[in-house]
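Asks: Contents of upload_30.pdb (PDB, C-alpha atoms):
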```
ATOM      1  CA  MET A   1      32.572   3.417 -36.344
ATOM      2  CA  LYS A   2      30.913   0.256 -37.615
ATOM      3  CA  TYR A   3      27.180  -0.181 -38.139
ATOM      4  CA  ARG A   4      24.743  -3.056 -37.728
ATOM      5  CA  PRO A   5      21.090  -3.589 -38.691
ATOM      6  CA  LEU A   6      18.545  -3.011 -35.932
ATOM      7  CA  GLY A   7      16.350  -6.010 -36.541
ATOM      8  CA  ARG A   8      13.651  -5.472 -39.158
ATOM      9  CA  THR A   9      13.433  -1.707 -38.677
ATOM     10  CA  GLY A  10      15.570  -0.894 -41.698
ATOM     11  CA  PHE A  11      17.839   1.209 -39.468
ATOM     12  CA  ASN A  12      21.591   0.666 -39.635
ATOM     13  CA  VAL A  13      22.823   1.848 -36.262
ATOM     14  CA  SER A  14      26.251   2.536 -34.850
ATOM     15  CA  GLU A  15      27.323  -0.513 -32.878
ATOM     16  CA  ILE A  16      28.398   1.871 -30.120
ATOM     17  CA  SER A  17      25.418   4.150 -29.642
ATOM     18  CA  PHE A  18      24.387   6.612 -26.924
ATOM     19  CA  GLY A  19      22.377   6.021 -23.763
ATOM     20  CA  ALA A  20      20.851   9.291 -22.598
ATOM     21  CA  TRP A  21      19.756   8.434 -19.058
ATOM     22  CA  ALA A  22      22.774  10.163 -17.509
ATOM     23  CA  ILE A  23      22.111  13.495 -19.240
ATOM     24  CA  GLY A  24      18.531  13.435 -18.010
ATOM     25  CA  GLY A  25      19.016  12.736 -14.321
ATOM     26  CA  SER A  26      19.618  10.205 -11.541
ATOM     27  CA  TRP A  27      23.401  10.245 -12.050
ATOM     28  CA  GLY A  28      24.301  13.346 -10.046
ATOM     29  CA  ARG A  29      24.536  16.967 -11.143
ATOM     30  CA  GLN A  30      24.804  17.580 -14.868
ATOM     31  CA  SER A  31      24.743  20.832 -16.842
ATOM     32  CA  ASP A  32      22.845  21.085 -20.105
ATOM     33  CA  GLU A  33      25.861  22.786 -21.667
ATOM     34  CA  GLU A  34      28.093  19.790 -21.016
ATOM     35  CA  SER A  35      25.349  17.426 -22.129
ATOM     36  CA  MET A  36      25.022  19.232 -25.444
ATOM     37  CA  ALA A  37      28.791  19.197 -25.964
ATOM     38  CA  THR A  38      28.713  15.447 -25.318
ATOM     39  CA  LEU A  39      25.851  14.876 -27.769
ATOM     40  CA  HIS A  40      27.655  16.841 -30.469
ATOM     41  CA  ARG A  41      30.814  14.820 -29.898
ATOM     42  CA  ALA A  42      28.772  11.639 -30.253
ATOM     43  CA  LEU A  43      27.679  12.662 -33.741
ATOM     44  CA  ASP A  44      31.249  13.637 -34.574
ATOM     45  CA  ALA A  45      32.335  10.105 -33.594
ATOM     46  CA  GLY A  46      29.847   8.488 -35.977
ATOM     47  CA  ILE A  47      27.148   7.626 -33.443
ATOM     48  CA  ASN A  48      23.731   7.732 -35.114
ATOM     49  CA  PHE A  49      21.409   6.145 -32.527
ATOM     50  CA  PHE A  50      20.340   7.777 -29.275
ATOM     51  CA  ASP A  51      18.279   6.003 -26.626
ATOM     52  CA  THR A  52      16.237   8.045 -24.167
ATOM     53  CA  ALA A  53      12.989   7.887 -22.171
ATOM     54  CA  ASP A  54      10.194  10.225 -21.197
ATOM     55  CA  VAL A  55      11.094   9.890 -17.511
ATOM     56  CA  TYR A  56      14.793  10.778 -17.841
ATOM     57  CA  GLY A  57      14.759  14.126 -16.098
ATOM     58  CA  ASP A  58      10.986  14.320 -16.711
ATOM     59  CA  GLY A  59      11.609  14.882 -20.424
ATOM     60  CA  ARG A  60      14.899  16.752 -20.075
ATOM     61  CA  SER A  61      16.838  14.104 -21.976
ATOM     62  CA  GLU A  62      14.330  14.081 -24.853
ATOM     63  CA  ARG A  63      14.425  17.874 -25.105
ATOM     64  CA  LEU A  64      18.236  17.914 -25.255
ATOM     65  CA  ILE A  65      18.146  15.460 -28.143
ATOM     66  CA  ALA A  66      15.554  17.644 -29.871
ATOM     67  CA  GLN A  67      17.990  20.540 -29.524
ATOM     68  CA  LEU A  68      20.698  18.409 -31.121
ATOM     69  CA  ARG A  69      18.414  17.805 -34.097
ATOM     70  CA  ARG A  70      17.929  21.551 -34.497
ATOM     71  CA  GLU A  71      21.636  22.274 -34.284
ATOM     72  CA  ARG A  72      22.942  19.545 -36.614
ATOM     73  CA  SER A  73      22.106  18.591 -40.181
ATOM     74  CA  GLU A  74      23.058  14.906 -39.868
ATOM     75  CA  LYS A  75      20.248  12.399 -39.710
ATOM     76  CA  PHE A  76      20.162  10.096 -36.712
ATOM     77  CA  HIS A  77      17.727   7.714 -35.048
ATOM     78  CA  VAL A  78      16.094   8.244 -31.667
ATOM     79  CA  ALA A  79      14.514   5.575 -29.488
ATOM     80  CA  THR A  80      12.439   6.592 -26.503
ATOM     81  CA  LYS A  81      10.471   4.670 -23.897
ATOM     82  CA  ALA A  82       7.001   4.891 -22.409
ATOM     83  CA  GLY A  83       5.167   3.528 -19.395
ATOM     84  CA  ARG A  84       7.224   4.516 -16.376
ATOM     85  CA  ARG A  85       5.247   7.728 -15.923
ATOM     86  CA  LEU A  86       2.452   5.612 -14.512
ATOM     87  CA  ASN A  87       1.976   6.004 -10.782
ATOM     88  CA  PRO A  88       1.387   3.376  -9.611
ATOM     89  CA  HIS A  89       3.317   1.492 -12.277
ATOM     90  CA  VAL A  90       0.832  -1.343 -12.726
ATOM     91  CA  ALA A  91      -0.394  -3.350 -15.700
ATOM     92  CA  ASP A  92      -3.899  -1.853 -15.636
ATOM     93  CA  GLY A  93      -2.389   1.570 -16.359
ATOM     94  CA  PHE A  94      -1.255   0.515 -19.842
ATOM     95  CA  THR A  95      -4.434   1.760 -21.502
ATOM     96  CA  GLU A  96      -4.813   3.255 -24.956
ATOM     97  CA  LYS A  97      -5.519   6.657 -23.395
ATOM     98  CA  ASN A  98      -2.408   6.630 -21.218
ATOM     99  CA  LEU A  99      -0.041   5.241 -23.844
ATOM    100  CA  THR A 100      -1.293   7.740 -26.415
ATOM    101  CA  GLU A 101      -0.763  10.598 -23.976
ATOM    102  CA  PHE A 102       2.784   9.415 -23.278
ATOM    103  CA  ILE A 103       3.545   9.212 -27.003
ATOM    104  CA  GLU A 104       2.088  12.664 -27.649
ATOM    105  CA  ARG A 105       4.247  14.092 -24.882
ATOM    106  CA  SER A 106       7.409  12.496 -26.307
ATOM    107  CA  LEU A 107       6.514  13.823 -29.751
ATOM    108  CA  ARG A 108       6.372  17.334 -28.292
ATOM    109  CA  ASN A 109       9.597  16.901 -26.310
ATOM    110  CA  LEU A 110      11.458  15.581 -29.343
ATOM    111  CA  GLY A 111       9.896  18.040 -31.770
ATOM    112  CA  ALA A 112       8.953  15.147 -34.038
ATOM    113  CA  GLU A 113       5.942  14.183 -36.127
ATOM    114  CA  SER A 114       6.620  10.477 -35.667
ATOM    115  CA  LEU A 115       8.832   8.569 -33.212
ATOM    116  CA  ASP A 116      11.474   6.290 -34.749
ATOM    117  CA  LEU A 117      11.245   3.620 -32.070
ATOM    118  CA  VAL A 118       9.152   3.408 -28.903
ATOM    119  CA  GLN A 119       9.906   0.828 -26.229
ATOM    120  CA  LEU A 120       7.658  -0.182 -23.367
ATOM    121  CA  HIS A 121       9.797   0.833 -20.401
ATOM    122  CA  CYS A 122      10.336  -2.274 -18.249
ATOM    123  CA  PRO A 123       6.608  -2.866 -17.770
ATOM    124  CA  PRO A 124       5.168  -5.258 -15.193
ATOM    125  CA  VAL A 125       5.524  -8.918 -16.191
ATOM    126  CA  GLU A 126       1.768  -9.194 -16.677
ATOM    127  CA  ILE A 127       1.947  -6.856 -19.700
ATOM    128  CA  TYR A 128       3.685  -9.546 -21.751
ATOM    129  CA  TYR A 129       0.556 -11.652 -21.372
ATOM    130  CA  ARG A 130      -1.803  -8.906 -22.530
ATOM    131  CA  PRO A 131      -1.942  -8.894 -26.340
ATOM    132  CA  GLU A 132      -4.292  -5.930 -26.205
ATOM    133  CA  VAL A 133      -1.394  -3.709 -25.084
ATOM    134  CA  PHE A 134       0.635  -4.615 -28.158
ATOM    135  CA  ALA A 135      -2.481  -4.046 -30.272
ATOM    136  CA  ILE A 136      -2.490  -0.451 -28.953
ATOM    137  CA  LEU A 137       1.072  -0.037 -30.222
ATOM    138  CA  ASP A 138       0.002  -1.435 -33.592
ATOM    139  CA  LYS A 139      -2.699   1.257 -33.730
ATOM    140  CA  LEU A 140      -0.152   3.968 -32.955
ATOM    141  CA  VAL A 141       1.991   2.695 -35.818
ATOM    142  CA  ALA A 142      -1.010   2.716 -38.150
ATOM    143  CA  ALA A 143      -1.788   6.275 -37.043
ATOM    144  CA  GLY A 144       1.752   7.375 -37.899
ATOM    145  CA  LYS A 145       2.600   8.360 -34.330
ATOM    146  CA  ILE A 146       5.401   5.805 -34.131
ATOM    147  CA  ARG A 147       7.355   3.978 -36.826
ATOM    148  CA  HIS A 148       8.509   0.933 -34.877
ATOM    149  CA  TYR A 149       8.140  -0.451 -31.383
ATOM    150  CA  GLY A 150       9.884  -2.801 -28.994
ATOM    151  CA  VAL A 151      10.353  -3.441 -25.297
ATOM    152  CA  SER A 152      12.915  -2.751 -22.626
ATOM    153  CA  VAL A 153      13.027  -5.667 -20.201
ATOM    154  CA  GLU A 154      14.516  -6.672 -16.879
ATOM    155  CA  LYS A 155      14.424 -10.455 -17.300
ATOM    156  CA  VAL A 156      15.308 -12.889 -20.059
ATOM    157  CA  GLU A 157      11.903 -14.550 -19.628
ATOM    158  CA  GLU A 158      10.199 -11.235 -20.433
ATOM    159  CA  ALA A 159      12.310 -10.845 -23.555
ATOM    160  CA  LEU A 160      11.427 -14.336 -24.782
ATOM    161  CA  LYS A 161       7.727 -13.692 -24.250
ATOM    162  CA  ALA A 162       7.853 -10.251 -25.893
ATOM    163  CA  ILE A 163       9.285 -11.499 -29.182
ATOM    164  CA  GLU A 164       6.295 -13.792 -29.625
ATOM    165  CA  TYR A 165       4.402 -10.646 -30.672
ATOM    166  CA  PRO A 166       5.029 -10.004 -34.387
ATOM    167  CA  GLY A 167       5.105  -6.228 -33.957
ATOM    168  CA  VAL A 168       8.019  -6.282 -31.510
ATOM    169  CA  GLU A 169      11.080  -5.328 -33.564
ATOM    170  CA  SER A 170      13.607  -4.679 -30.806
ATOM    171  CA  VAL A 171      14.428  -5.707 -27.269
ATOM    172  CA  GLN A 172      16.570  -3.686 -24.910
ATOM    173  CA  ILE A 173      18.238  -5.809 -22.254
ATOM    174  CA  ILE A 174      21.103  -5.706 -19.759
ATOM    175  CA  PHE A 175      24.085  -7.687 -21.033
ATOM    176  CA  ASN A 176      27.690  -7.230 -19.982
ATOM    177  CA  MET A 177      30.659  -9.031 -18.424
ATOM    178  CA  PHE A 178      28.578  -9.288 -15.227
ATOM    179  CA  ARG A 179      25.351 -10.468 -16.905
ATOM    180  CA  HIS A 180      25.763 -13.393 -19.325
ATOM    181  CA  ARG A 181      22.384 -15.091 -19.259
ATOM    182  CA  PRO A 182      20.855 -13.481 -22.399
ATOM    183  CA  VAL A 183      23.347 -15.253 -24.654
ATOM    184  CA  GLU A 184      22.196 -18.732 -23.577
ATOM    185  CA  LEU A 185      18.826 -18.782 -25.370
ATOM    186  CA  PHE A 186      17.431 -15.335 -25.983
ATOM    187  CA  PHE A 187      20.038 -14.190 -28.504
ATOM    188  CA  GLN A 188      19.425 -17.104 -30.855
ATOM    189  CA  GLU A 189      15.644 -16.762 -30.573
ATOM    190  CA  ALA A 190      15.853 -13.038 -31.357
ATOM    191  CA  GLN A 191      18.036 -13.750 -34.388
ATOM    192  CA  LYS A 192      15.519 -16.294 -35.690
ATOM    193  CA  ARG A 193      12.832 -13.601 -35.621
ATOM    194  CA  HIS A 194      15.137 -10.816 -36.878
ATOM    195  CA  VAL A 195      14.609  -8.831 -33.676
ATOM    196  CA  GLY A 196      17.167  -6.129 -32.899
ATOM    197  CA  ILE A 197      18.972  -6.286 -29.571
ATOM    198  CA  ILE A 198      19.908  -3.056 -27.797
ATOM    199  CA  VAL A 199      22.304  -3.689 -24.928
ATOM    200  CA  ARG A 200      21.974  -1.335 -21.990
ATOM    201  CA  VAL A 201      24.030  -0.993 -18.787
ATOM    202  CA  PRO A 202      27.064  -2.288 -20.713
ATOM    203  CA  LEU A 203      29.514  -1.004 -18.103
ATOM    204  CA  ALA A 204      27.497  -2.099 -15.059
ATOM    205  CA  SER A 205      26.761   1.488 -13.957
ATOM    206  CA  GLY A 206      30.429   2.409 -14.231
ATOM    207  CA  LEU A 207      31.910  -0.596 -12.428
ATOM    208  CA  LEU A 208      33.342  -1.930 -15.689
ATOM    209  CA  SER A 209      34.835   1.436 -16.531
ATOM    210  CA  GLY A 210      37.537   0.659 -13.989
ATOM    211  CA  LYS A 211      37.274   4.203 -12.643
ATOM    212  CA  LEU A 212      35.233   3.518  -9.501
ATOM    213  CA  LYS A 213      36.936   2.883  -6.180
ATOM    214  CA  ARG A 214      35.891   1.801  -2.716
ATOM    215  CA  GLU A 215      36.067   5.414  -1.545
ATOM    216  CA  THR A 216      34.099   6.787  -4.508
ATOM    217  CA  HIS A 217      31.293   9.067  -3.281
ATOM    218  CA  PHE A 218      27.978   9.063  -5.120
ATOM    219  CA  GLU A 219      25.690  12.082  -4.814
ATOM    220  CA  ALA A 220      22.321  11.699  -3.125
ATOM    221  CA  ASP A 221      20.458  11.965  -6.450
ATOM    222  CA  ASP A 222      22.655   9.316  -8.122
ATOM    223  CA  HIS A 223      20.932   5.918  -8.370
ATOM    224  CA  ARG A 224      24.252   4.290  -7.466
ATOM    225  CA  GLN A 225      23.720   5.815  -4.033
ATOM    226  CA  PHE A 226      19.976   5.373  -3.530
ATOM    227  CA  ASN A 227      19.197   2.152  -5.424
ATOM    228  CA  GLN A 228      21.964  -0.311  -4.563
ATOM    229  CA  GLN A 229      19.443  -2.612  -2.892
ATOM    230  CA  GLY A 230      16.601  -1.855  -5.300
ATOM    231  CA  GLN A 231      14.931   0.733  -3.103
ATOM    232  CA  ALA A 232      13.644   2.831  -6.040
ATOM    233  CA  PHE A 233      13.475   0.449  -9.013
ATOM    234  CA  ASP A 234      14.796  -2.940 -10.067
ATOM    235  CA  ARG A 235      18.096  -3.656  -8.337
ATOM    236  CA  GLY A 236      19.499  -5.084 -11.558
ATOM    237  CA  GLU A 237      19.650  -1.597 -13.065
ATOM    238  CA  THR A 238      22.340  -0.549 -10.551
ATOM    239  CA  PHE A 239      25.736  -2.246 -10.906
ATOM    240  CA  SER A 240      23.861  -4.982 -12.836
ATOM    241  CA  GLY A 241      22.650  -6.352  -9.505
ATOM    242  CA  VAL A 242      26.173  -7.164  -8.308
ATOM    243  CA  ASP A 243      27.083  -5.874  -4.865
ATOM    244  CA  TYR A 244      29.585  -3.028  -5.126
ATOM    245  CA  GLU A 245      32.476  -4.602  -3.210
ATOM    246  CA  THR A 246      32.324  -7.863  -5.156
ATOM    247  CA  GLY A 247      32.156  -5.940  -8.402
ATOM    248  CA  LEU A 248      35.293  -3.996  -7.527
ATOM    249  CA  ASP A 249      37.122  -7.209  -6.644
ATOM    250  CA  VAL A 250      36.295  -8.778 -10.014
ATOM    251  CA  VAL A 251      37.220  -5.580 -11.849
ATOM    252  CA  ASP A 252      40.660  -5.789 -10.235
ATOM    253  CA  GLU A 253      41.050  -9.238 -11.790
ATOM    254  CA  LEU A 254      39.745  -8.106 -15.181
ATOM    255  CA  ARG A 255      42.316  -5.318 -15.350
ATOM    256  CA  GLY A 256      45.062  -7.891 -15.723
ATOM    257  CA  LEU A 257      43.445  -9.185 -18.925
ATOM    258  CA  VAL A 258      43.097  -5.838 -20.720
ATOM    259  CA  PRO A 259      45.580  -5.304 -23.585
ATOM    260  CA  SER A 260      48.023  -2.419 -23.460
ATOM    261  CA  GLY A 261      46.690   0.859 -24.820
ATOM    262  CA  VAL A 262      43.046  -0.127 -24.236
ATOM    263  CA  THR A 263      40.873   0.972 -21.330
ATOM    264  CA  LEU A 264      38.785  -1.504 -19.358
ATOM    265  CA  ALA A 265      35.642   0.313 -20.530
ATOM    266  CA  GLN A 266      36.597  -0.053 -24.190
ATOM    267  CA  TRP A 267      37.482  -3.710 -23.700
ATOM    268  CA  ALA A 268      34.179  -4.390 -21.918
ATOM    269  CA  LEU A 269      32.260  -2.743 -24.764
ATOM    270  CA  ARG A 270      34.220  -4.714 -27.372
ATOM    271  CA  TRP A 271      33.353  -7.921 -25.480
ATOM    272  CA  ILE A 272      29.659  -7.163 -26.028
ATOM    273  CA  LEU A 273      30.258  -6.635 -29.751
ATOM    274  CA  MET A 274      31.702 -10.144 -30.008
ATOM    275  CA  PHE A 275      28.089 -11.381 -30.125
ATOM    276  CA  ASP A 276      26.569 -11.058 -33.598
ATOM    277  CA  ALA A 277      23.013 -10.974 -32.245
ATOM    278  CA  VAL A 278      23.714  -7.560 -30.694
ATOM    279  CA  SER A 279      22.618  -4.617 -32.836
ATOM    280  CA  CYS A 280      24.210  -1.975 -30.648
ATOM    281  CA  THR A 281      25.125  -1.107 -27.109
ATOM    282  CA  ILE A 282      24.226   2.190 -25.461
ATOM    283  CA  PRO A 283      26.779   3.278 -22.854
ATOM    284  CA  GLY A 284      25.939   6.564 -21.202
ATOM    285  CA  ALA A 285      28.258   9.550 -21.303
ATOM    286  CA  ARG A 286      28.218  12.866 -19.498
ATOM    287  CA  ARG A 287      31.354  14.421 -20.970
ATOM    288  CA  PRO A 288      32.732  14.617 -24.523
ATOM    289  CA  GLN A 289      35.834  12.649 -23.613
ATOM    290  CA  GLN A 290      33.722   9.761 -22.318
ATOM    291  CA  VAL A 291      31.689   9.402 -25.500
ATOM    292  CA  GLU A 292      34.822   9.610 -27.619
ATOM    293  CA  GLU A 293      36.468   6.852 -25.591
ATOM    294  CA  ASN A 294      33.349   4.688 -25.831
ATOM    295  CA  ALA A 295      33.098   5.136 -29.589
ATOM    296  CA  HIS A 296      36.677   3.977 -30.083
ATOM    297  CA  ALA A 297      35.685   0.509 -28.839
ATOM    298  CA  SER A 298      34.181  -0.112 -32.282
ATOM    299  CA  ASP A 299      37.658   0.111 -33.813
ATOM    300  CA  LEU A 300      39.323  -2.432 -31.511
ATOM    301  CA  PRO A 301      40.303  -5.917 -32.718
ATOM    302  CA  PRO A 302      38.208  -8.873 -31.524
ATOM    303  CA  LEU A 303      38.956 -10.447 -28.173
ATOM    304  CA  SER A 304      40.913 -13.671 -28.398
ATOM    305  CA  GLU A 305      39.398 -17.042 -27.579
ATOM    306  CA  THR A 306      41.554 -17.125 -24.463
ATOM    307  CA  GLU A 307      40.306 -13.723 -23.329
ATOM    308  CA  MET A 308      36.695 -14.769 -23.867
ATOM    309  CA  LYS A 309      37.251 -17.912 -21.805
ATOM    310  CA  MET A 310      38.885 -15.944 -18.989
ATOM    311  CA  VAL A 311      35.949 -13.536 -18.789
ATOM    312  CA  ARG A 312      33.566 -16.477 -18.683
ATOM    313  CA  LYS A 313      35.616 -18.172 -15.978
ATOM    314  CA  LEU A 314      35.508 -15.072 -13.767
ATOM    315  CA  TYR A 315      31.759 -14.811 -14.300
ATOM    316  CA  ASP A 316      31.179 -18.459 -13.454
ATOM    317  CA  GLU A 317      33.329 -18.338 -10.335
ATOM    318  CA  ARG A 318      32.528 -14.899  -8.917
ATOM    319  CA  ILE A 319      29.328 -13.465 -10.409
ATOM    320  CA  ARG A 320      26.994 -16.194 -11.671
ATOM    321  CA  SER A 321      25.553 -17.166  -8.286
ATOM    322  CA  LEU A 322      24.657 -13.523  -7.577
ATOM    323  CA  VAL A 323      22.732 -12.673 -10.743
ATOM    324  CA  HIS A 324      22.190 -15.542 -13.151
ATOM    325  CA  HIS A 325      19.025 -16.970 -11.623
ATOM    326  CA  ARG A 326      17.484 -13.547 -10.962
ATOM    327  CA  TRP A 327      17.504 -11.884 -14.355
TER     328      TRP A 327
END
```
Could you take the file, read its structure, and then write that structure out as structure tokens?

Replies:
Amino acid sequence: MKYRPLGRTGFNVSEISFGAWAIGGSWGRQSDEESMATLHRALDAGINFFDTADVYGDGRSERLIAQLRRERSEKFHVATKAGRRLNPHVADGFTEKNLTEFIERSLRNLGAESLDLVQLHCPPVEIYYRPEVFAILDKLVAAGKIRHYGVSVEKVEEALKAIEYPGVESVQIIFNMFRHRPVELFFQEAQKRHVGIIVRVPLASGLLSGKLKRETHFEADDHRQFNQQGQAFDRGETFSGVDYETGLDVVDELRGLVPSGVTLAQWALRWILMFDAVSCTIPGARRPQQVEENAHASDLPPLSETEMKMVRKLYDERIRSLVHHRW
């Protein structure tokens, strides 16, 4: 496993890290026993950064990570998110009282005295134009409740606005073979400000794993079943906003580019790591074998210039018109 700096935080994080949404909920049935086995395997593989949120299983994901801390002696970093507990999820709800309550709850769930990194969880666009919200986060840092803070965004425009605030040390954003836009401007602007970039949805909700088929059945509580058109939250979070059939068609073409002995998932993760601005990517995993396979992507050789051009060509021809202007 290789490691990269996470912006100005002082953390050196595994370039393949762990996204904990799937062990919390919204991905179908999952046992805590298998989740814990997967988390342990992640540490065994050299992963030292775990990304979660207070709404993943209503705190279930945070509590599982707290259990991992109790059961292992290795030190690792945990990022959580706050803001999606608001109902309705509107800008006026981002008050000092509410944010403090969310942080206190995450502290209890994680069994921590201070949170390593807190990210505003895809807040309404208006939040990025309210400096008073970021001032609240500064107060929580000064109080020792959190060590660092950042944002998790849906759109590139939100990311560019967020890094204007000096306290924002990281941005979590969707970036993968189906979502290229962040590299055009945002990556270089983040590097100028020494802002860490955490890449989420790196496998487009499993599409880029190469394991999904047209006849694949998703359970009723799996967002890939109930959010394909954005019925529950931003459509871009499910299959990166690409319609399922088109995604499968492009995956069929990508398979022909993958080197022998490498899975499509590993190759897709290694593609993300070709961009120096990226601090880490956080694929989810529900089974030990999955996290082990993901971690191995860090050991792969770089993609060739030809391979990079072929991925770009497929994006330009098949995907760009579907997603580029939206996110």

Asks: Which residue is closest to A:Ile174? Choose from A:Ser205, A:Asn109, A:Gln231, A:Gln290 and count all atoms listed in the file.

Replies: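 Closest to A:Ile174, using all atoms listed in the file: A:Ser205.
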
Asks: To verify the selection step, state as number ranges by chain which residues the PyMOL selection byres ((chain A and resi 206) around 12) yields on this input.

Replies: A: 22, 27, 176, 178, 201-205, 207-213, 216, 218, 223-224, 237-240, 244, 247-248, 251, 264-266, 268-269, 283-286, 290

Asks: So how many Å separate atom CA of A:Leu300 and atom CA of A:Leu273, to one decimal?

Replies: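 These two atoms are separated by 10.1 Å.
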
Asks: For the PyMOL selection byres ((chain A and resi 167) around 12), applied here, can you spell out every residue it catches as a PyMOL selection string?

Replies: chain A and resi 7-9+117-119+131+133-142+147-151+162-166+168-171+193-195

Asks: Suppose you want the space between atom CA of A:Leu107 and atom CA of A:Glu62; what is it in Å?

Replies: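 The value is 9.2 Å.
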
Asks: Please evaluate the PyMOL selection byres ((chain A and resi 272) around 12) against the displayed coordinates and give the resulting residues as a VMD selection string.

Replies: chain A and resid 15 to 16 174 to 180 182 to 183 197 to 203 265 to 271 273 to 283 297 to 298 302 to 303 308 311

Asks: Excluding A:Arg63 and any residue of its chain fewer than 5 positions from it, enumerate the residues within 10 Å of it, using only C-alpha atoms, and give them as number ranges by chain.

Replies: A: 24, 54, 57-58, 68-69, 106, 108-111

Asks: As JSON, numbers by chain, please: the residues near A:Asp44 (cut-off 10 Å, only C-alpha atoms, same-chain neighbours under 4 positions excluded).

Replies: {"A": [38, 39, 40, 48, 74, 292]}

Asks: Put a box with edges along x, y and z around all the listed atoms of stretch 80-89 of chain A, pad it by 8 Å on each side, then give me its centre and sizes in Å, one decimal, as AutoDock Vina command-line options.

Replies:
```
--center_x 6.9 --center_y 4.6 --center_z -18.1 --size_x 27.1 --size_y 22.2 --size_z 32.9
```

Asks: Record the distance separating atom CA of A:Val153 and atom CA of A:Lys2, expressed in Å with one decimal.

Replies: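 Rounded to one decimal, the two atoms are 25.7 Å apart.
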
Asks: Which is closest to A:His325 among A:Ser61, A:Gln229, A:Gly236, A:Ala159, if we use only C-alpha atoms?

Replies: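 For A:His325, the nearest of the candidates is A:Gly236.
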
Asks: Considering all atoms listed in the file, state which residue in the set A:Ser152, A:Gln228, A:Val258, A:Leu322 is at the smallest distance from A:Gly196.

Replies: A:Ser152
